[in-house]
Each structure stands twice: as structure tokens, then as C-alpha cells.
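Written out below as C-alpha cells is the structure these notes cover.
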Amino acid sequence: MLHNSPQASSPGFLSSAPSCPSDSPLSCHNTTAAPDSCCFIYPGGQLLQTQFWDTSPAIGPDDSWTLHGLWPDLCDGRYPQYCHFTPAYRNISSILTAAGQTDLLDYMNTYWLPNAGTAEHFWEHEWSKHGTCINTLAPSCYGDGYEPGAEVVDFFNRAVEVFKGLDTYKALEAAGITPSTSKTYTSDAIQAALTKLTGSAVVLGCRNGALNQAWYSFNVKGSIQTGTFVPAAPAGSGAGTCPRGGIRYLPKSS
């Protein structure tokens, strides 16, 4: 389960943000902000790791879902957007390149792609709409060693690391749920397969009866930079947009 994995508790990149104490509170388990706001994600304390399955046009590898984003929802299922905890950068690729994150950028160019427009515009959108709403990424949380863009490096690294721990394609395949132009599946079967990844329910998205999104919910112990992602039940209704049965899981078009 993700909260027991090294990726969840010990990021593979070196964040310049100060580390948080091991007894930091778990987000969405306080009604007010913790005293050290740099070690407690608030108010958007439920982090959603969201994934796409785009088939027409096909986006990303045929045997992998792609990364949509890492979103800070409020603990009741509502969500903030376009906040001001951090600057709204417009040059994501340049920031990552300057920080020596070329491997990360290569990965994003394969697995974090839009279904319309350019990748750069998509990443800028994800940062401006969602990244700026994560309070532990505020420049003040980096102390005297802060360098502009450090929060961007941390956000995209952490989003990718969480995504790597959630292989939706393989989890479905292991349950006999594979892309097909003729087969259909039930939401219960899909849910059962994906729940095995984290132990918590997943929000499923469908378009015209075809599966195309999966949202995994987490609370975080500590900061987004170095904290532990703990699987959580979806906040709010968590109903998703898929029917109970007859769900198509289409192959990516060649």
C-alpha cells in the first residue's frame, strides 16, 4: 500500500524545504490549521492523484494511464483553485530544466500529457489551478535558502512519484479487466481491482459510458514535499460519473 512504500514517505528527490517532525498531524484530521502550517496541509487537506485514459486521440503509452494532476481538495469534497500561496509560474519546463530535472521532464513528456493543447500549457494550468493552493509550498516554508521555482520542482516531483505508485493499467489487468471494443465491465469490478492499490475507494470517471478517469484520495502526514501520503476515503459524495454496469474500457487507437 502506498503509505508503506519508500516513495510515499521518503521522496527520491532532495527537496530544499525543511523536514517536518515525525508526529506531524494528518491532514483533514484537524478542524483548524496546525501551529506549523508548513508541516500541515490546510485547508486543501485531501490530495487527489488523478489519471486519464484517453483513447481518441490516444494519449500516452498503450499500456499505461496518464497523469492528470495532484489536486488539493477541501476535506468536505469542495475544492479551491487559483490560490495565492505560491507564484503562478508560466515557465514550468524552463524551471525544471534549470534545476537539473531533465529525467523528470522526459517522464512528464511521456506520462503527463493533455488531451488538447500543448504539454507546457497543461502543466502551467495544473500548477496555477492546483499547485498554488497547497500551503506547504509557500516560499516562506523554504526559509532563508528559498530559490524561486523550488516549489514547482517539489510539486511536479511529488505528483510523479505518487503516480508511479499507482499503476491503474496493471491493477485492472490483474483482475481480468483489459481494453476491448466488445467487452463491458461493472463499476463494482473496476472498483474492487483499483481498491487493491491503496485499500481505499477510487472515484471513477466515464464519458459516454467509457472509462476515462480514476481519482485516488489521500491525506498527508506532514508537508507535500516530504510527508507521507495516507490513502483516504473520497471526501464528499465520491460517486464519480460511471454507470453501475455496461462500462466500456476502450483500447487506445493506433
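Within each chain, counting starts at residue 1; across the C-alpha cells, chains are named A, B, ... in the order shown, with ligands numbered 1 upward in that order.
Near Gly209 in chain A, within 8 Å and counting only C-alpha atoms, sit Cys242, Pro243, Gly246, Ile247 and Arg248 of chain A; same-chain residues fewer than 5 positions away were not included.
Residues surrounding Arg244 in chain A within 12 Å are A:Thr184, A:Tyr185, A:Thr186, A:Ser187, A:Asp188, A:Ala189, A:Ile190, A:Gln191, A:Leu204, A:Gly205, A:Cys206, A:Gly209, A:Ala210, A:Leu211, A:Ala239, A:Gly240, A:Thr241, A:Cys242, A:Gly246, A:Ile247, A:Arg248 [only C-alpha atoms; sequence separation below 2 positions excluded].
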| task | Determine which residues of range 106-242 of chain A DSSP labels as helix (DSSP H, G or I) from the backbone of this structure, then write them out as a ChimeraX atom specification. | result | /A:106-111,119-129,131-133,135-137,139-145,150-164,168-174,187-198
Could those selected residues go to a file with C-alpha atoms, as a PDB file, in the first residue's frame?
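Wrote it out as again23.pdb, contents follow:
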ATOM      1  CA  ASP A 106      11.324  13.381 -20.006  1.00  0.00           C
ATOM      2  CA  TYR A 107       8.941  11.299 -17.890  1.00  0.00           C
ATOM      3  CA  MET A 108       6.325  14.055 -17.934  1.00  0.00           C
ATOM      4  CA  ASN A 109       6.580  14.276 -21.714  1.00  0.00           C
ATOM      5  CA  THR A 110       5.556  10.604 -21.839  1.00  0.00           C
ATOM      6  CA  TYR A 111       3.076  10.245 -18.983  1.00  0.00           C
ATOM      7  CA  ALA A 119       2.068  19.898 -22.583  1.00  0.00           C
ATOM      8  CA  GLU A 120       3.613  23.147 -21.362  1.00  0.00           C
ATOM      9  CA  HIS A 121       0.239  24.873 -21.247  1.00  0.00           C
ATOM     10  CA  PHE A 122      -1.264  21.869 -19.452  1.00  0.00           C
ATOM     11  CA  TRP A 123       1.470  21.849 -16.784  1.00  0.00           C
ATOM     12  CA  GLU A 124       1.115  25.597 -16.296  1.00  0.00           C
ATOM     13  CA  HIS A 125      -2.625  25.103 -15.842  1.00  0.00           C
ATOM     14  CA  GLU A 126      -2.153  22.321 -13.291  1.00  0.00           C
ATOM     15  CA  TRP A 127       0.313  24.448 -11.355  1.00  0.00           C
ATOM     16  CA  SER A 128      -1.751  27.653 -11.454  1.00  0.00           C
ATOM     17  CA  LYS A 129      -5.080  25.994 -10.641  1.00  0.00           C
ATOM     18  CA  GLY A 131      -0.277  23.767  -7.114  1.00  0.00           C
ATOM     19  CA  THR A 132      -0.783  27.336  -5.921  1.00  0.00           C
ATOM     20  CA  CYS A 133      -3.420  26.066  -3.452  1.00  0.00           C
ATOM     21  CA  ASN A 135       0.059  25.921   1.554  1.00  0.00           C
ATOM     22  CA  THR A 136       3.229  23.951   2.387  1.00  0.00           C
ATOM     23  CA  LEU A 137       4.663  25.048  -0.972  1.00  0.00           C
ATOM     24  CA  PRO A 139       8.041  30.368  -0.350  1.00  0.00           C
ATOM     25  CA  SER A 140       8.110  31.158   3.376  1.00  0.00           C
ATOM     26  CA  CYS A 141       8.206  27.406   4.108  1.00  0.00           C
ATOM     27  CA  TYR A 142      11.646  27.182   2.489  1.00  0.00           C
ATOM     28  CA  GLY A 143      13.319  29.607   4.876  1.00  0.00           C
ATOM     29  CA  ASP A 144      16.390  31.636   4.017  1.00  0.00           C
ATOM     30  CA  GLY A 145      17.523  29.119   1.413  1.00  0.00           C
ATOM     31  CA  ALA A 150      11.813  25.375  -5.782  1.00  0.00           C
ATOM     32  CA  GLU A 151       8.130  24.816  -5.073  1.00  0.00           C
ATOM     33  CA  VAL A 152       7.499  23.925  -8.719  1.00  0.00           C
ATOM     34  CA  VAL A 153      10.243  21.291  -8.629  1.00  0.00           C
ATOM     35  CA  ASP A 154       8.774  19.792  -5.459  1.00  0.00           C
ATOM     36  CA  PHE A 155       5.193  19.768  -6.740  1.00  0.00           C
ATOM     37  CA  PHE A 156       5.921  18.043 -10.037  1.00  0.00           C
ATOM     38  CA  ASN A 157       8.351  15.571  -8.485  1.00  0.00           C
ATOM     39  CA  ARG A 158       5.868  14.553  -5.821  1.00  0.00           C
ATOM     40  CA  ALA A 159       2.974  14.278  -8.274  1.00  0.00           C
ATOM     41  CA  VAL A 160       5.025  11.957 -10.479  1.00  0.00           C
ATOM     42  CA  GLU A 161       6.214   9.840  -7.536  1.00  0.00           C
ATOM     43  CA  VAL A 162       2.670   9.262  -6.306  1.00  0.00           C
ATOM     44  CA  PHE A 163       1.546   8.432  -9.858  1.00  0.00           C
ATOM     45  CA  LYS A 164       4.333   5.860 -10.227  1.00  0.00           C
ATOM     46  CA  THR A 168      -4.012   1.611 -12.840  1.00  0.00           C
ATOM     47  CA  TYR A 169      -3.474  -0.361 -16.044  1.00  0.00           C
ATOM     48  CA  LYS A 170      -1.712  -3.264 -14.316  1.00  0.00           C
ATOM     49  CA  ALA A 171      -4.203  -3.327 -11.436  1.00  0.00           C
ATOM     50  CA  LEU A 172      -7.096  -3.658 -13.868  1.00  0.00           C
ATOM     51  CA  GLU A 173      -5.227  -6.187 -15.996  1.00  0.00           C
ATOM     52  CA  ALA A 174      -4.556  -8.359 -12.935  1.00  0.00           C
ATOM     53  CA  SER A 187     -18.238  -0.407 -11.632  1.00  0.00           C
ATOM     54  CA  ASP A 188     -18.004  -2.862  -8.728  1.00  0.00           C
ATOM     55  CA  ALA A 189     -15.428  -4.973 -10.587  1.00  0.00           C
ATOM     56  CA  ILE A 190     -13.349  -1.951 -11.557  1.00  0.00           C
ATOM     57  CA  GLN A 191     -13.587  -0.527  -8.063  1.00  0.00           C
ATOM     58  CA  ALA A 192     -12.524  -3.831  -6.487  1.00  0.00           C
ATOM     59  CA  ALA A 193      -9.471  -4.027  -8.744  1.00  0.00           C
ATOM     60  CA  LEU A 194      -8.297  -0.487  -8.043  1.00  0.00           C
ATOM     61  CA  THR A 195      -9.060  -0.530  -4.331  1.00  0.00           C
ATOM     62  CA  LYS A 196      -6.305  -3.138  -4.023  1.00  0.00           C
ATOM     63  CA  LEU A 197      -3.754  -0.439  -4.874  1.00  0.00           C
ATOM     64  CA  THR A 198      -4.403   1.656  -1.768  1.00  0.00           C
TER      65      THR A 198
END
| Which residues come within 8 Å of Pro80 in chain A, counting only C-alpha atoms, excluding same-chain residues fewer than 5 positions away, as an MDAnalysis selection string? | chainID A and resid 44 72:74 130 133
May I have the residues from that selection written out with C-alpha atoms, as a PDB file, in the first residue's frame?
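The resulting file, result.pdb, is reproduced below:
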ATOM      1  CA  GLY A  44      -6.936  21.644   0.992  1.00  0.00           C
ATOM      2  CA  PRO A  72      -5.726  19.693  -3.042  1.00  0.00           C
ATOM      3  CA  ASP A  73      -9.419  19.307  -2.249  1.00  0.00           C
ATOM      4  CA  LEU A  74     -11.051  20.606   0.898  1.00  0.00           C
ATOM      5  CA  HIS A 130      -3.927  23.384  -8.112  1.00  0.00           C
ATOM      6  CA  CYS A 133      -3.420  26.066  -3.452  1.00  0.00           C
TER       7      CYS A 133
END
| request: Any chance you could list, as a PyMOL selection string, the residues in range 72-251 of chain A that come up strand (DSSP E or B) when DSSP is run on the backbone? | output: chain A and resi 72-73+185+203-207+210-221+228-231+247-248
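Shortest atom-to-atom contact with Ala58 in chain A among A:Ser22, A:Asn115, A:Thr178, A:Gln225: A:Asn115, counting only C-alpha atoms.
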| How many Å lie between CA of Ala17 in chain A and CA of Cys38 in chain A, rounded to one decimal? | 9.1 Å
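Distances to Trp53 in chain A were evaluated for A:Thr226, A:Thr66, A:Ser24, A:Ser19 using only C-alpha atoms, and the minimum falls at A:Thr66.
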| query | Given the choices A:Leu70, A:Ala98, A:Leu250, A:Leu26, which gets closest to Ile177 in chain A if the distance is worked out from only C-alpha atoms? | reply | A:Leu250
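Using only C-alpha atoms for every distance, the candidate list A:Trp112, A:Ala175, A:Gly149, A:Ser223 yields A:Ser223 as the residue closest to Pro25 in chain A.
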| task | Would you mind reading off the distance between CA of Val203 in chain A and CA of Thr228 in chain A, one decimal, in Å? | result | 21.0 Å
| CA of Ser253 in chain A to CA of Gly117 in chain A: how many Å, to one decimal? | 18.7 Å
| field | Residue neighbourhood Gln46 in chain A, 9 Å, only C-alpha atoms, exclusion window fewer than 4 positions, as a ChimeraX atom specification | value | /A:27-28,41-42,71-77,217-220,232,234-235
Given the selection you just returned, output its residues as a file containing N, CA and C atoms, formatted as a PDB file, in the first residue's frame.
ATOM      1  N   SER A  27      -3.452  15.491   7.657  1.00  0.00           N
ATOM      2  CA  SER A  27      -4.394  16.469   7.113  1.00  0.00           C
ATOM      3  C   SER A  27      -5.823  15.938   7.157  1.00  0.00           C
ATOM      4  N   CYS A  28      -6.762  16.843   7.237  1.00  0.00           N
ATOM      5  CA  CYS A  28      -8.198  16.545   7.337  1.00  0.00           C
ATOM      6  C   CYS A  28      -8.560  15.867   8.658  1.00  0.00           C
ATOM      7  N   ILE A  41      -0.993  20.347   5.742  1.00  0.00           N
ATOM      8  CA  ILE A  41      -1.675  20.845   4.547  1.00  0.00           C
ATOM      9  C   ILE A  41      -3.089  21.271   4.918  1.00  0.00           C
ATOM     10  N   TYR A  42      -3.371  22.543   4.724  1.00  0.00           N
ATOM     11  CA  TYR A  42      -4.654  23.117   5.139  1.00  0.00           C
ATOM     12  C   TYR A  42      -4.892  24.397   4.339  1.00  0.00           C
ATOM     13  N   TRP A  71      -4.295  17.230  -6.919  1.00  0.00           N
ATOM     14  CA  TRP A  71      -5.216  18.311  -6.564  1.00  0.00           C
ATOM     15  C   TRP A  71      -5.473  18.366  -5.067  1.00  0.00           C
ATOM     16  N   PRO A  72      -5.388  19.543  -4.457  1.00  0.00           N
ATOM     17  CA  PRO A  72      -5.726  19.693  -3.042  1.00  0.00           C
ATOM     18  C   PRO A  72      -7.200  20.047  -2.861  1.00  0.00           C
ATOM     19  N   ASP A  73      -8.008  19.056  -2.539  1.00  0.00           N
ATOM     20  CA  ASP A  73      -9.419  19.307  -2.249  1.00  0.00           C
ATOM     21  C   ASP A  73      -9.604  19.665  -0.781  1.00  0.00           C
ATOM     22  N   LEU A  74     -10.673  20.385  -0.487  1.00  0.00           N
ATOM     23  CA  LEU A  74     -11.051  20.606   0.898  1.00  0.00           C
ATOM     24  C   LEU A  74     -11.531  19.288   1.491  1.00  0.00           C
ATOM     25  N   CYS A  75     -11.598  19.217   2.796  1.00  0.00           N
ATOM     26  CA  CYS A  75     -11.911  17.949   3.457  1.00  0.00           C
ATOM     27  C   CYS A  75     -13.378  17.557   3.328  1.00  0.00           C
ATOM     28  N   ASP A  76     -14.204  18.443   2.771  1.00  0.00           N
ATOM     29  CA  ASP A  76     -15.618  18.125   2.559  1.00  0.00           C
ATOM     30  C   ASP A  76     -15.930  17.841   1.097  1.00  0.00           C
ATOM     31  N   GLY A  77     -14.909  17.758   0.254  1.00  0.00           N
ATOM     32  CA  GLY A  77     -15.104  17.438  -1.149  1.00  0.00           C
ATOM     33  C   GLY A  77     -15.141  18.639  -2.072  1.00  0.00           C
ATOM     34  N   SER A 217      -7.564   9.124  -3.558  1.00  0.00           N
ATOM     35  CA  SER A 217      -7.622  10.131  -2.494  1.00  0.00           C
ATOM     36  C   SER A 217      -6.634   9.817  -1.373  1.00  0.00           C
ATOM     37  N   PHE A 218      -5.996  10.872  -0.873  1.00  0.00           N
ATOM     38  CA  PHE A 218      -5.023  10.734   0.212  1.00  0.00           C
ATOM     39  C   PHE A 218      -5.143  11.888   1.198  1.00  0.00           C
ATOM     40  N   ASN A 219      -4.855  11.605   2.454  1.00  0.00           N
ATOM     41  CA  ASN A 219      -4.492  12.641   3.408  1.00  0.00           C
ATOM     42  C   ASN A 219      -2.977  12.580   3.535  1.00  0.00           C
ATOM     43  N   VAL A 220      -2.389  13.636   4.054  1.00  0.00           N
ATOM     44  CA  VAL A 220      -0.928  13.709   4.118  1.00  0.00           C
ATOM     45  C   VAL A 220      -0.479  14.019   5.541  1.00  0.00           C
ATOM     46  N   ALA A 232      -7.110   7.535   1.718  1.00  0.00           N
ATOM     47  CA  ALA A 232      -8.295   8.001   2.435  1.00  0.00           C
ATOM     48  C   ALA A 232      -9.537   7.757   1.597  1.00  0.00           C
ATOM     49  N   PRO A 234     -12.769   8.908  -0.360  1.00  0.00           N
ATOM     50  CA  PRO A 234     -13.036  10.158  -1.062  1.00  0.00           C
ATOM     51  C   PRO A 234     -13.929  11.075  -0.234  1.00  0.00           C
ATOM     52  N   ALA A 235     -13.579  12.346  -0.174  1.00  0.00           N
ATOM     53  CA  ALA A 235     -14.403  13.319   0.529  1.00  0.00           C
ATOM     54  C   ALA A 235     -15.639  13.642  -0.309  1.00  0.00           C
TER      55      ALA A 235
END
| task | Please provide the set of residues having any atom within 7 Å of Pro251 in chain A, restricted to only C-alpha atoms, with same-chain residues fewer than 3 positions apart removed, written as a PyMOL selection string. | result | chain A and resi 55+179-181
Can I get the selection written as a CSV table (one decimal), in the first residue's frame, with C-alpha atoms?
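Saved as again.csv:
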chain,number,residue,atom,x,y,z
A,55,THR,CA,-8.4,6.8,-26.4
A,179,PRO,CA,-9.1,-2.7,-23.0
A,180,SER,CA,-11.6,-4.1,-25.5
A,181,THR,CA,-14.0,-2.9,-28.2
